[in-house]
file model.pdb (PDB, C-alpha atoms)
ATOM      1  CA  MET A 389      28.496-103.376 184.213
ATOM      2  CA  THR A 390      27.887 -99.758 185.136
ATOM      3  CA  HIS A 391      28.788 -97.925 188.321
ATOM      4  CA  SER A 392      27.454 -94.806 189.999
ATOM      5  CA  LEU A 393      30.783 -93.474 191.337
ATOM      6  CA  ARG A 394      31.728 -90.486 189.154
ATOM      7  CA  VAL A 395      35.443 -90.086 188.421
ATOM      8  CA  ILE A 396      37.274 -87.002 187.176
ATOM      9  CA  PHE A 397      40.540 -88.220 185.657
ATOM     10  CA  ALA A 398      43.802 -86.242 185.372
ATOM     11  CA  GLY A 399      46.755 -87.660 183.460
ATOM     12  CA  THR A 400      48.882 -87.234 180.356
ATOM     13  CA  PRO A 401      51.141 -90.046 179.005
ATOM     14  CA  GLU A 402      50.529 -93.659 177.977
ATOM     15  CA  PHE A 403      50.860 -94.829 181.599
ATOM     16  CA  ALA A 404      47.835 -92.676 182.494
ATOM     17  CA  ALA A 405      45.872 -93.571 179.363
ATOM     18  CA  GLU A 406      45.984 -97.240 180.386
ATOM     19  CA  ALA A 407      44.366 -96.384 183.730
ATOM     20  CA  LEU A 408      41.714 -94.183 182.108
ATOM     21  CA  ALA A 409      40.885 -96.953 179.638
ATOM     22  CA  ALA A 410      40.438 -99.449 182.496
ATOM     23  CA  ILE A 411      38.223 -97.066 184.505
ATOM     24  CA  HIS A 412      36.095 -96.394 181.421
ATOM     25  CA  ALA A 413      35.898-100.090 180.485
ATOM     26  CA  ALA A 414      34.820-100.971 184.048
ATOM     27  CA  GLY A 415      31.776 -98.731 183.585
ATOM     28  CA  PHE A 416      32.593 -95.801 185.845
ATOM     29  CA  PRO A 417      31.213 -92.492 184.543
ATOM     30  CA  VAL A 418      34.026 -90.041 183.701
ATOM     31  CA  PRO A 419      32.435 -86.575 183.410
ATOM     32  CA  LEU A 420      35.744 -84.742 182.863
ATOM     33  CA  VAL A 421      39.301 -85.548 181.802
ATOM     34  CA  LEU A 422      42.194 -83.175 182.558
ATOM     35  CA  THR A 423      45.408 -83.493 180.548
ATOM     36  CA  GLN A 424      48.383 -81.333 179.636
ATOM     37  CA  PRO A 425      48.137 -78.921 176.697
ATOM     38  CA  ASP A 426      49.132 -80.306 173.280
ATOM     39  CA  ARG A 427      52.909 -80.245 172.796
ATOM     40  CA  PRO A 428      55.091 -80.024 169.667
ATOM     41  CA  ALA A 429      56.619 -83.431 168.893
ATOM     42  CA  GLY A 430      58.137 -85.474 166.073
ATOM     43  CA  ARG A 431      60.301 -84.297 163.196
ATOM     44  CA  GLY A 432      57.874 -81.612 162.076
ATOM     45  CA  MET A 433      57.350 -80.457 165.678
ATOM     46  CA  LYS A 434      53.610 -80.366 165.102
ATOM     47  CA  LEU A 435      51.294 -80.040 168.080
ATOM     48  CA  GLN A 436      50.355 -83.484 169.348
ATOM     49  CA  ALA A 437      47.598 -84.507 171.725
ATOM     50  CA  SER A 438      48.567 -86.573 174.761
ATOM     51  CA  PRO A 439      47.643 -90.281 174.848
ATOM     52  CA  VAL A 440      45.039 -89.436 177.515
ATOM     53  CA  LYS A 441      43.448 -86.759 175.319
ATOM     54  CA  ARG A 442      43.360 -89.117 172.330
ATOM     55  CA  PHE A 443      41.601 -91.807 174.379
ATOM     56  CA  ALA A 444      39.126 -89.307 175.834
ATOM     57  CA  GLN A 445      38.224 -87.890 172.423
ATOM     58  CA  GLU A 446      37.837 -91.342 170.883
ATOM     59  CA  HIS A 447      35.353 -92.225 173.632
ATOM     60  CA  GLY A 448      33.413 -88.966 173.718
ATOM     61  CA  LEU A 449      34.716 -87.765 177.092
ATOM     62  CA  THR A 450      34.925 -84.048 177.933
ATOM     63  CA  VAL A 451      38.544 -82.813 177.963
ATOM     64  CA  ALA A 452      40.107 -79.745 179.609
ATOM     65  CA  GLN A 453      43.767 -78.750 179.118
ATOM     66  CA  PRO A 454      44.633 -75.936 181.529
ATOM     67  CA  PRO A 455      48.322 -74.949 181.459
ATOM     68  CA  SER A 456      48.182 -74.545 185.249
ATOM     69  CA  LEU A 457      45.853 -75.079 188.205
ATOM     70  CA  ARG A 458      47.481 -72.428 190.383
ATOM     71  CA  ARG A 459      45.551 -69.165 190.606
ATOM     72  CA  ASN A 460      48.673 -67.312 191.750
ATOM     73  CA  GLY A 461      50.877 -68.713 188.969
ATOM     74  CA  LYS A 462      51.686 -67.760 185.392
ATOM     75  CA  TYR A 463      48.194 -68.531 184.045
ATOM     76  CA  PRO A 464      45.716 -67.173 186.631
ATOM     77  CA  VAL A 465      42.812 -66.772 184.159
ATOM     78  CA  GLU A 466      43.123 -70.308 182.798
ATOM     79  CA  ALA A 467      43.562 -71.741 186.310
ATOM     80  CA  ALA A 468      40.436 -69.941 187.525
ATOM     81  CA  ALA A 469      38.447 -71.300 184.572
ATOM     82  CA  ALA A 470      39.661 -74.844 185.297
ATOM     83  CA  MET A 471      38.748 -74.440 188.961
ATOM     84  CA  GLU A 472      35.260 -73.306 187.995
ATOM     85  CA  GLN A 473      34.894 -76.343 185.728
ATOM     86  CA  LEU A 474      35.964 -78.680 188.554
ATOM     87  CA  HIS A 475      33.486 -77.060 190.954
ATOM     88  CA  THR A 476      30.592 -77.274 188.490
ATOM     89  CA  THR A 477      31.253 -80.828 187.244
ATOM     90  CA  PRO A 478      29.404 -83.257 189.554
ATOM     91  CA  HIS A 479      31.811 -85.998 190.643
ATOM     92  CA  ASP A 480      32.798 -88.129 193.630
ATOM     93  CA  VAL A 481      36.544 -88.623 193.333
ATOM     94  CA  MET A 482      39.508 -87.545 191.214
ATOM     95  CA  VAL A 483      42.079 -90.052 189.946
ATOM     96  CA  VAL A 484      45.506 -88.653 189.032
ATOM     97  CA  ALA A 485      48.209 -90.514 187.078
ATOM     98  CA  ALA A 486      51.377 -88.885 185.716
ATOM     99  CA  TYR A 487      49.462 -85.652 185.110
ATOM    100  CA  GLY A 488      52.500 -83.375 185.235
ATOM    101  CA  LEU A 489      50.838 -80.376 186.909
ATOM    102  CA  LEU A 490      50.960 -79.599 190.614
ATOM    103  CA  LEU A 491      47.586 -79.785 192.345
ATOM    104  CA  PRO A 492      47.166 -77.004 194.917
ATOM    105  CA  GLN A 493      45.188 -77.631 198.107
ATOM    106  CA  GLU A 494      42.155 -75.919 196.546
ATOM    107  CA  VAL A 495      41.943 -78.683 193.922
ATOM    108  CA  LEU A 496      42.550 -81.486 196.429
ATOM    109  CA  ASP A 497      39.616 -80.171 198.499
ATOM    110  CA  ILE A 498      37.059 -80.234 195.665
ATOM    111  CA  PRO A 499      36.304 -83.983 195.189
ATOM    112  CA  PRO A 500      34.158 -85.396 198.033
ATOM    113  CA  HIS A 501      36.506 -88.412 198.295
ATOM    114  CA  GLY A 502      39.660 -86.448 197.517
ATOM    115  CA  CYS A 503      42.294 -87.236 194.882
ATOM    116  CA  ILE A 504      43.822 -90.692 194.444
ATOM    117  CA  ASN A 505      47.228 -90.878 192.758
ATOM    118  CA  ILE A 506      48.588 -93.887 190.843
ATOM    119  CA  HIS A 507      52.345 -93.750 191.481
ATOM    120  CA  ALA A 508      54.874 -96.058 189.810
ATOM    121  CA  SER A 509      56.988 -97.020 192.815
ATOM    122  CA  LEU A 510      56.702 -98.640 196.227
ATOM    123  CA  LEU A 511      56.447 -95.480 198.298
ATOM    124  CA  PRO A 512      58.236 -93.880 200.036
ATOM    125  CA  ARG A 513      60.946 -95.239 197.682
ATOM    126  CA  TRP A 514      61.222 -93.050 194.566
ATOM    127  CA  ARG A 515      58.929 -90.112 195.043
ATOM    128  CA  GLY A 516      59.076 -87.698 192.113
ATOM    129  CA  ALA A 517      59.180 -87.602 188.340
ATOM    130  CA  ALA A 518      61.117 -90.672 187.137
ATOM    131  CA  PRO A 519      60.497 -93.586 189.526
ATOM    132  CA  ILE A 520      60.695 -96.342 186.878
ATOM    133  CA  HIS A 521      64.026 -95.177 185.443
ATOM    134  CA  ARG A 522      65.611 -94.609 188.840
ATOM    135  CA  ALA A 523      64.567 -98.001 190.232
ATOM    136  CA  ILE A 524      66.347 -99.796 187.359
ATOM    137  CA  GLU A 525      69.358 -97.475 187.484
ATOM    138  CA  ALA A 526      69.781 -98.065 191.232
ATOM    139  CA  GLY A 527      69.612-101.844 190.866
ATOM    140  CA  ASP A 528      66.444-102.262 192.958
ATOM    141  CA  ALA A 529      65.276-105.877 193.116
ATOM    142  CA  GLU A 530      61.594-104.945 192.902
ATOM    143  CA  THR A 531      59.259-102.045 192.363
ATOM    144  CA  GLY A 532      55.531-101.601 191.933
ATOM    145  CA  ILE A 533      52.520 -99.330 192.058
ATOM    146  CA  THR A 534      51.260 -97.429 195.086
ATOM    147  CA  LEU A 535      47.794 -95.868 195.249
ATOM    148  CA  MET A 536      47.996 -92.792 197.435
ATOM    149  CA  GLN A 537      45.554 -90.300 198.900
ATOM    150  CA  MET A 538      47.061 -87.059 197.628
ATOM    151  CA  ASP A 539      48.186 -84.179 199.805
ATOM    152  CA  VAL A 540      50.096 -81.031 198.820
ATOM    153  CA  GLY A 541      53.505 -82.680 199.325
ATOM    154  CA  LEU A 542      55.385 -84.387 196.501
ATOM    155  CA  ASP A 543      54.122 -87.994 196.622
ATOM    156  CA  THR A 544      53.887 -87.840 200.416
ATOM    157  CA  GLY A 545      50.220 -88.822 200.879
ATOM    158  CA  ALA A 546      48.877 -91.802 202.810
ATOM    159  CA  MET A 547      49.075 -95.165 201.023
ATOM    160  CA  ILE A 548      45.880 -96.994 200.059
ATOM    161  CA  SER A 549      47.195-100.135 198.347
ATOM    162  CA  GLU A 550      50.153-101.456 196.372
ATOM    163  CA  ALA A 551      51.101-104.036 193.759
ATOM    164  CA  ARG A 552      54.655-105.392 193.550
ATOM    165  CA  THR A 553      56.722-106.712 190.655
ATOM    166  CA  PRO A 554      60.321-107.945 190.487
ATOM    167  CA  ILE A 555      62.701-105.983 188.256
ATOM    168  CA  ARG A 556      64.022-108.574 185.802
ATOM    169  CA  PRO A 557      67.670-108.616 184.675
ATOM    170  CA  ASP A 558      66.610-107.651 181.125
ATOM    171  CA  ASP A 559      63.949-105.071 182.069
ATOM    172  CA  THR A 560      64.200-101.675 180.432
ATOM    173  CA  THR A 561      62.177 -98.621 181.405
ATOM    174  CA  ALA A 562      59.946 -99.457 178.404
ATOM    175  CA  THR A 563      59.146-103.037 179.492
ATOM    176  CA  LEU A 564      58.776-102.169 183.174
ATOM    177  CA  HIS A 565      56.579 -99.162 182.294
ATOM    178  CA  ASP A 566      54.140-101.392 180.413
ATOM    179  CA  ARG A 567      53.934-103.914 183.250
ATOM    180  CA  LEU A 568      53.391-101.193 185.846
ATOM    181  CA  ALA A 569      50.791 -99.414 183.694
ATOM    182  CA  GLN A 570      48.736-102.618 183.606
ATOM    183  CA  ALA A 571      49.174-103.147 187.354
ATOM    184  CA  GLY A 572      48.134 -99.555 188.079
ATOM    185  CA  ALA A 573      45.053 -99.858 185.893
ATOM    186  CA  LYS A 574      43.897-102.975 187.753
ATOM    187  CA  LEU A 575      44.705-101.520 191.177
ATOM    188  CA  ILE A 576      42.724 -98.307 190.618
ATOM    189  CA  VAL A 577      39.645-100.136 189.301
ATOM    190  CA  ASP A 578      39.698-102.423 192.358
ATOM    191  CA  ALA A 579      39.999 -99.367 194.635
ATOM    192  CA  LEU A 580      37.126 -97.526 192.934
ATOM    193  CA  ILE A 581      34.893-100.599 193.263
ATOM    194  CA  GLU A 582      35.775-100.762 196.970
ATOM    195  CA  LEU A 583      35.179 -97.005 197.407
ATOM    196  CA  GLU A 584      31.760 -97.272 195.773
ATOM    197  CA  ARG A 585      30.860-100.313 197.869
ATOM    198  CA  THR A 586      31.988 -99.051 201.290
ATOM    199  CA  GLY A 587      32.137 -95.260 200.929
ATOM    200  CA  SER A 588      35.761 -94.982 202.059
ATOM    201  CA  LEU A 589      39.274 -96.350 201.546
ATOM    202  CA  ALA A 590      41.649 -97.108 204.407
ATOM    203  CA  ALA A 591      45.006 -95.358 204.053
ATOM    204  CA  THR A 592      48.290 -95.721 205.951
ATOM    205  CA  PRO A 593      50.691 -92.805 206.422
ATOM    206  CA  GLN A 594      54.014 -93.275 204.646
ATOM    207  CA  PRO A 595      56.955 -94.157 206.878
ATOM    208  CA  ALA A 596      59.384 -91.289 207.362
ATOM    209  CA  GLU A 597      62.453 -93.418 206.715
ATOM    210  CA  GLY A 598      63.450 -94.806 203.306
ATOM    211  CA  ALA A 599      62.198 -91.876 201.226
ATOM    212  CA  THR A 600      64.174 -91.182 198.038
ATOM    213  CA  TYR A 601      63.617 -88.695 195.238
ATOM    214  CA  ALA A 602      63.486 -89.795 191.585
ATOM    215  CA  GLU A 603      64.791 -86.748 189.769
ATOM    216  CA  LYS A 604      63.605 -86.133 186.201
ATOM    217  CA  ILE A 605      65.872 -87.694 183.559
ATOM    218  CA  GLY A 606      68.082 -85.140 181.809
ATOM    219  CA  LYS A 607      69.689 -85.561 178.384
ATOM    220  CA  HIS A 608      73.055 -84.761 179.951
ATOM    221  CA  GLU A 609      72.861 -88.050 181.868
ATOM    222  CA  ALA A 610      73.009 -90.094 178.653
ATOM    223  CA  ALA A 611      76.831 -89.896 178.354
ATOM    224  CA  LEU A 612      78.297 -93.147 179.668
ATOM    225  CA  ASP A 613      81.252 -92.674 182.005
ATOM    226  CA  TRP A 614      83.586 -95.621 181.395
ATOM    227  CA  ARG A 615      85.237 -95.036 184.774
ATOM    228  CA  ARG A 616      82.100 -96.469 186.399
ATOM    229  CA  PRO A 617      81.724-100.241 187.017
ATOM    230  CA  ALA A 618      80.325-102.211 184.061
ATOM    231  CA  VAL A 619      77.352-103.377 186.130
ATOM    232  CA  GLU A 620      76.301 -99.750 186.759
ATOM    233  CA  LEU A 621      76.664 -98.846 183.079
ATOM    234  CA  ALA A 622      74.539-101.821 182.020
ATOM    235  CA  ARG A 623      71.779-100.767 184.417
ATOM    236  CA  ARG A 624      71.917 -97.184 183.185
ATOM    237  CA  ILE A 625      71.545 -98.304 179.556
ATOM    238  CA  ARG A 626      68.423-100.301 180.477
ATOM    239  CA  ALA A 627      67.071 -97.418 182.575
ATOM    240  CA  PHE A 628      67.515 -94.954 179.693
ATOM    241  CA  ASP A 629      65.617 -97.042 177.120
ATOM    242  CA  PRO A 630      63.566 -95.509 175.448
ATOM    243  CA  PHE A 631      64.897 -92.093 176.583
ATOM    244  CA  PRO A 632      67.519 -90.695 176.384
ATOM    245  CA  GLY A 633      69.563 -93.813 175.560
ATOM    246  CA  GLY A 634      73.197 -94.340 176.515
ATOM    247  CA  VAL A 635      75.619 -92.189 174.512
ATOM    248  CA  VAL A 636      79.303 -92.901 173.792
ATOM    249  CA  THR A 637      81.687 -90.774 171.726
ATOM    250  CA  LEU A 638      84.590 -92.025 169.614
ATOM    251  CA  ASP A 639      87.888 -90.141 169.512
ATOM    252  CA  ASP A 640      86.887 -88.655 166.143
ATOM    253  CA  GLY A 641      83.794 -87.098 167.768
ATOM    254  CA  THR A 642      81.215 -89.561 166.383
ATOM    255  CA  ALA A 643      78.454 -90.104 168.968
ATOM    256  CA  LEU A 644      76.818 -93.533 169.102
ATOM    257  CA  LYS A 645      73.743 -94.565 171.073
ATOM    258  CA  ILE A 646      73.881 -97.790 173.034
ATOM    259  CA  TRP A 647      70.598 -99.634 173.593
ATOM    260  CA  GLY A 648      71.769-103.045 174.783
ATOM    261  CA  ALA A 649      74.788-104.205 176.781
ATOM    262  CA  GLU A 650      75.887-107.014 179.043
ATOM    263  CA  VAL A 651      78.578-107.306 181.682
ATOM    264  CA  VAL A 652      81.483-109.597 180.765
ATOM    265  CA  ASP A 653      84.379-110.925 182.803
ATOM    266  CA  THR A 654      87.656-110.157 181.123
ATOM    267  CA  PRO A 655      91.149-110.848 182.444
ATOM    268  CA  ARG A 656      92.554-108.005 180.331
ATOM    269  CA  GLU A 657      93.385-104.732 182.027
ATOM    270  CA  ALA A 658      92.983-101.577 179.958
ATOM    271  CA  ALA A 659      92.170 -97.923 180.389
ATOM    272  CA  PRO A 660      88.411 -97.281 180.773
ATOM    273  CA  GLY A 661      86.786 -96.665 177.391
ATOM    274  CA  THR A 662      89.236 -98.854 175.451
ATOM    275  CA  ILE A 663      87.711-101.310 172.968
ATOM    276  CA  LEU A 664      89.094-104.734 173.923
ATOM    277  CA  ASP A 665      87.404-106.958 171.370
ATOM    278  CA  VAL A 666      85.103-106.652 168.366
ATOM    279  CA  SER A 667      83.053-109.611 167.098
ATOM    280  CA  ALA A 668      79.592-110.460 165.789
ATOM    281  CA  GLU A 669      78.550-110.929 169.437
ATOM    282  CA  GLY A 670      79.346-107.328 170.328
ATOM    283  CA  VAL A 671      81.924-104.687 171.153
ATOM    284  CA  VAL A 672      83.719-105.287 174.462
ATOM    285  CA  VAL A 673      84.808-102.093 176.219
ATOM    286  CA  ALA A 674      86.912-101.740 179.370
ATOM    287  CA  SER A 675      85.271 -99.940 182.284
ATOM    288  CA  GLY A 676      86.285 -98.903 185.780
ATOM    289  CA  GLU A 677      85.419-102.388 186.996
ATOM    290  CA  GLY A 678      84.981-105.271 184.547
ATOM    291  CA  ALA A 679      83.974-104.749 180.929
ATOM    292  CA  LEU A 680      80.810-104.159 178.971
ATOM    293  CA  ARG A 681      79.781-105.878 175.757
ATOM    294  CA  LEU A 682      77.729-103.514 173.585
ATOM    295  CA  VAL A 683      75.176-105.643 171.747
ATOM    296  CA  GLN A 684      72.764-103.069 170.280
ATOM    297  CA  LEU A 685      74.069 -99.810 168.807
ATOM    298  CA  GLN A 686      72.854 -96.879 166.726
ATOM    299  CA  LYS A 687      74.814 -94.374 164.674
ATOM    300  CA  PRO A 688      73.582 -90.806 164.045
ATOM    301  CA  GLY A 689      70.564 -90.859 161.742
ATOM    302  CA  GLY A 690      70.512 -94.666 161.755
ATOM    303  CA  LYS A 691      68.372 -97.355 163.375
ATOM    304  CA  ARG A 692      68.989 -99.478 166.440
ATOM    305  CA  LEU A 693      70.916-102.495 165.197
ATOM    306  CA  PRO A 694      72.344-105.679 166.701
ATOM    307  CA  ALA A 695      76.147-105.504 166.856
ATOM    308  CA  ARG A 696      76.657-107.816 163.837
ATOM    309  CA  GLU A 697      74.598-105.547 161.544
ATOM    310  CA  PHE A 698      75.934-102.333 163.048
ATOM    311  CA  LEU A 699      79.575-103.373 162.516
ATOM    312  CA  ALA A 700      78.910-104.234 158.862
ATOM    313  CA  GLY A 701      78.240-100.541 158.197
ATOM    314  CA  ALA A 702      80.330 -98.871 160.897
ATOM    315  CA  PRO A 703      83.461-100.885 161.660
ATOM    316  CA  LEU A 704      85.116-100.566 165.052
ATOM    317  CA  SER A 705      88.372-102.187 166.092
ATOM    318  CA  ALA A 706      90.191-103.271 169.226
ATOM    319  CA  GLY A 707      92.395-100.523 170.612
ATOM    320  CA  GLN A 708      90.051 -97.692 169.656
ATOM    321  CA  ARG A 709      88.953 -95.489 172.536
ATOM    322  CA  PHE A 710      85.675 -93.942 173.587
ATOM    323  CA  LYS A 711      86.070 -90.508 175.150
ATOM    324  CA  LEU A 712      85.542 -90.088 178.857
ATOM    325  CA  PRO A 713      82.928 -87.450 179.739
ATOM    326  CA  GLU A 714      83.747 -84.825 182.316
ATOM    327  CA  ALA A 715      83.756 -86.587 185.667
ATOM    328  CA  SER A 716      80.229 -86.972 187.040
TER     329      SER A 716
END
call {"tool": "encode", "arguments": {"input": "model.pdb", "output": "structure tokens"}}
result
Amino acid sequence: MTHSLRVIFAGTPEFAAEALAAIHAAGFPVPLVLTQPDRPAGRGMKLQASPVKRFAQEHGLTVAQPPSLRRNGKYPVEAAAAMEQLHTTPHDVMVVAAYGLLLPQEVLDIPPHGCINIHASLLPRWRGAAPIHRAIEAGDAETGITLMQMDVGLDTGAMISEARTPIRPDDTTATLHDRLAQAGAKLIVDALIELERTGSLAATPQPAEGATYAEKIGKHEAALDWRRPAVELARRIRAFDPFPGGVVTLDDGTALKIWGAEVVDTPREAAPGTILDVSAEGVVVASGEGALRLVQLQKPGGKRLPAREFLAGAPLSAGQRFKLPEAS
């Protein structure tokens, strides 16, 4: 099936590539794809194209990679060129998903039907950069996708539609990301079909109450503070998979990454960070409230391993202590 509604797409990571693939597969013409400039990545720190750029190139779509869209910013020449390209590329609507660049009002005003954002939370909960991570970390029971008519605020635009999903007890950011990417792809295709059919999309202003901000994940957050309750630490470990992981440090300075953990009831009282028990099932560590069994660990330069395999090459014993980070 082919459609007449022309879609400029702006996005960068895998989450966005899934939406672009769905729009393309549904038969909507995509005359231009915007994505972030190539970035150094991997061990060799070679320049790597974003998932969106790779998809666009594989399917013969025109790609632009301006470092900024703000004429008064650091890259005024490049921004002006991008603006000219947007003005001269015939299109009806722009779809934006995890693009990573701020869109000034001038850009929002160009598409006849404005800019529609695919946001990975149930707005106004978790506006900002890391909504998937923060929803798991906070212990939210559910999350979802919101399609939003963009304005110049940070994820403050009127809501067009949403799709909800429960956050499962074993969800990590990786598993929840994949589920939400699929939901977002379906939601945007449905919205574009509706927009083409009726010429407009109804949108509801976001409620003022209940807004929270999902701050970008920093590497410094990886250090697990054993003074916190075990249930919080377990959520944080799931929220920080695949990045940056949970990090613990032994008294000898060895840093280990923790990728899987479960809360255990233990009658034993011990100082937070003390290893209470070591077995093939995992390493039980005392926390500020309850204890945590570490079931998937990684030593520096090694692979993620289940506790049984990890302990075969890096023995730990009851009574050892993990350091406490500076109070957070």
call {"tool": "residues_near_point", "arguments": {"input": "model.pdb", "point": "(33.4, -87.0, 196.4)", "cutoff": "12 Å", "atoms": "only C-alpha atoms", "output": "list in words"}}
result
Ser392, Leu393, Arg394, Val395, Ile396, Leu474, His475, Thr477, Pro478, His479, Asp480, Val481, Met482, Val483, Leu496, Asp497, Ile498, Pro499, Pro500, His501, Gly502, Cys503, Ile504, Leu580, Leu583, Glu584, Gly587 and Ser588 of chain A
call {"tool": "closest_atom_pairs", "arguments": {"input": "model.pdb", "of": "region 618-648 of chain A", "to": "region 541-560 of chain A", "cutoff": "6 Å", "atoms": "only C-alpha atoms", "output": "tab-separated table"}}
result
residue	atom	partner	partner_atom	distance
A:Arg626	CA	A:Thr560	CA	4.4
A:Ala627	CA	A:Thr560	CA	5.6
A:Asp629	CA	A:Thr560	CA	5.9
call {"tool": "resolve_selection", "arguments": {"input": "model.pdb", "expression": "the PyMOL selection byres ((chain A and resi 488) around 12)", "output": "list in words"}}
result
Ala398, Gly399, Thr400, Pro401, Ala404, Leu422, Thr423, Gln424, Pro425, Ser438, Gln453, Pro454, Pro455, Ser456, Leu457, Val484, Ala485, Ala486, Tyr487, Leu489, Leu490, Leu491, Asn505, Gly516, Ala517, Ala518, Leu542 and Lys604 of chain A
call {"tool": "closest_residue", "arguments": {"input": "model.pdb", "among": "A:Ala602, A:Ala611, A:Ala643, A:Val495", "to": "His521 (chain A)", "atoms": "only C-alpha atoms"}}
result
A:Ala602
call {"tool": "closest_residue", "arguments": {"input": "model.pdb", "among": "A:Thr390, A:Asn460, A:Gln570, A:Thr531", "to": "Ala409 (chain A)", "atoms": "all atoms listed in the file"}}
result
A:Gln570
call {"tool": "closest_atom_pairs", "arguments": {"input": "model.pdb", "of": "region 508-610 of chain A", "to": "region 630-634 of chain A", "cutoff": "8 Å", "atoms": "all atoms listed in the file", "output": "CSV"}}
result
residue,atom,partner,partner_atom,distance
A:Thr560,CA,A:Pro630,CA,8.0
A:Thr561,CA,A:Pro630,CA,6.9
A:Ala562,CA,A:Pro630,CA,6.1
A:Ile605,CA,A:Pro632,CA,7.9
A:Gly606,CA,A:Pro632,CA,7.8
A:Lys607,CA,A:Pro632,CA,5.9
A:Ala610,CA,A:Gly634,CA,4.8
call {"tool": "residues_around", "arguments": {"input": "model.pdb", "residues": "region 565-568 of chain A", "least_positions_apart": "6", "cutoff": "8 Å", "atoms": "only C-alpha atoms", "output": "MDAnalysis selection string"}}
result
chainID A and resid 403 508 520 532:533
call {"tool": "write_last_selection", "arguments": {"input": "model.pdb", "atoms": "C-alpha atoms", "output": "PDB file, keeping the file's coordinate frame"}}
result
ATOM      1  CA  PHE A 403      50.860 -94.829 181.599  1.00  0.00           C
ATOM      2  CA  ALA A 508      54.874 -96.058 189.810  1.00  0.00           C
ATOM      3  CA  ILE A 520      60.695 -96.342 186.878  1.00  0.00           C
ATOM      4  CA  GLY A 532      55.531-101.601 191.933  1.00  0.00           C
ATOM      5  CA  ILE A 533      52.520 -99.330 192.058  1.00  0.00           C
TER       6      ILE A 533
END
call {"tool": "atom_distance", "arguments": {"input": "model.pdb", "atom1": "CA of Ala467 (chain A)", "atom2": "CA of Trp514 (chain A)"}}
result
28.9 Å
call {"tool": "resolve_selection", "arguments": {"input": "model.pdb", "expression": "the PyMOL selection byres ((chain A and resi 426) around 6)", "output": "list in words"}}
result
Pro425, Arg427, Leu435, Gln436 and Ala437 of chain A
call {"tool": "residues_near_point", "arguments": {"input": "model.pdb", "point": "(85.5, -106.1, 184.4)", "cutoff": "10 Å", "atoms": "all atoms listed in the file", "output": "compact mmCIF listing (two decimals) with C-alpha atoms, keeping the file's coordinate frame"}}
result
# COMPACT_ATOMS: atom_id res chain seq x y z
CA PRO A 617 81.72 -100.24 187.02
CA ALA A 618 80.32 -102.21 184.06
CA VAL A 619 77.35 -103.38 186.13
CA VAL A 651 78.58 -107.31 181.68
CA VAL A 652 81.48 -109.60 180.76
CA ASP A 653 84.38 -110.92 182.80
CA THR A 654 87.66 -110.16 181.12
CA PRO A 655 91.15 -110.85 182.44
CA ARG A 656 92.55 -108.00 180.33
CA GLU A 657 93.38 -104.73 182.03
CA ALA A 658 92.98 -101.58 179.96
CA PRO A 660 88.41 -97.28 180.77
CA VAL A 673 84.81 -102.09 176.22
CA ALA A 674 86.91 -101.74 179.37
CA SER A 675 85.27 -99.94 182.28
CA GLY A 676 86.28 -98.90 185.78
CA GLU A 677 85.42 -102.39 187.00
CA GLY A 678 84.98 -105.27 184.55
CA ALA A 679 83.97 -104.75 180.93
CA LEU A 680 80.81 -104.16 178.97
call {"tool": "atom_distance", "arguments": {"input": "model.pdb", "atom1": "CA of Phe416 (chain A)", "atom2": "CA of Phe397 (chain A)"}}
result
11.0 Å
call {"tool": "closest_residue", "arguments": {"input": "model.pdb", "among": "A:Trp614, A:Val683, A:Thr450, A:Val666", "to": "Lys711 (chain A)", "atoms": "all atoms listed in the file"}}
result
A:Trp614
call {"tool": "decode", "arguments": {"input": "model.pdb", "residues": "region 446-454 of chain A", "atoms": "N, CA and C atoms", "output": "mmCIF file, in the first residue's frame"}}
result
data_model
loop_
_atom_site.group_PDB
_atom_site.id
_atom_site.type_symbol
_atom_site.label_atom_id
_atom_site.label_comp_id
_atom_site.auth_asym_id
_atom_site.auth_seq_id
_atom_site.Cartn_x
_atom_site.Cartn_y
_atom_site.Cartn_z
ATOM 1 N N GLU A 446 20.311 2.276 3.713
ATOM 2 C CA GLU A 446 19.974 0.959 3.143
ATOM 3 C C GLU A 446 18.727 1.021 2.276
ATOM 4 N N HIS A 447 17.866 2.012 2.524
ATOM 5 C CA HIS A 447 16.606 2.097 1.773
ATOM 6 C C HIS A 447 16.559 3.310 0.844
ATOM 7 N N GLY A 448 17.720 3.889 0.580
ATOM 8 C CA GLY A 448 17.815 4.942 -0.427
ATOM 9 C C GLY A 448 17.140 6.245 -0.046
ATOM 10 N N LEU A 449 17.062 6.535 1.260
ATOM 11 C CA LEU A 449 16.425 7.774 1.710
ATOM 12 C C LEU A 449 17.478 8.870 1.891
ATOM 13 N N THR A 450 17.117 10.091 1.570
ATOM 14 C CA THR A 450 18.033 11.234 1.715
ATOM 15 C C THR A 450 18.265 11.532 3.193
ATOM 16 N N VAL A 451 19.541 11.689 3.569
ATOM 17 C CA VAL A 451 19.903 11.913 4.980
ATOM 18 C C VAL A 451 20.601 13.258 5.141
ATOM 19 N N ALA A 452 20.252 13.997 6.198
ATOM 20 C CA ALA A 452 20.973 15.204 6.591
ATOM 21 C C ALA A 452 21.378 15.055 8.049
ATOM 22 N N GLN A 453 22.589 15.539 8.395
ATOM 23 C CA GLN A 453 23.104 15.380 9.761
ATOM 24 C C GLN A 453 23.625 16.704 10.330
ATOM 25 N N PRO A 454 22.755 17.705 10.428
ATOM 26 C CA PRO A 454 23.229 18.980 10.987
ATOM 27 C C PRO A 454 23.603 18.819 12.458
#
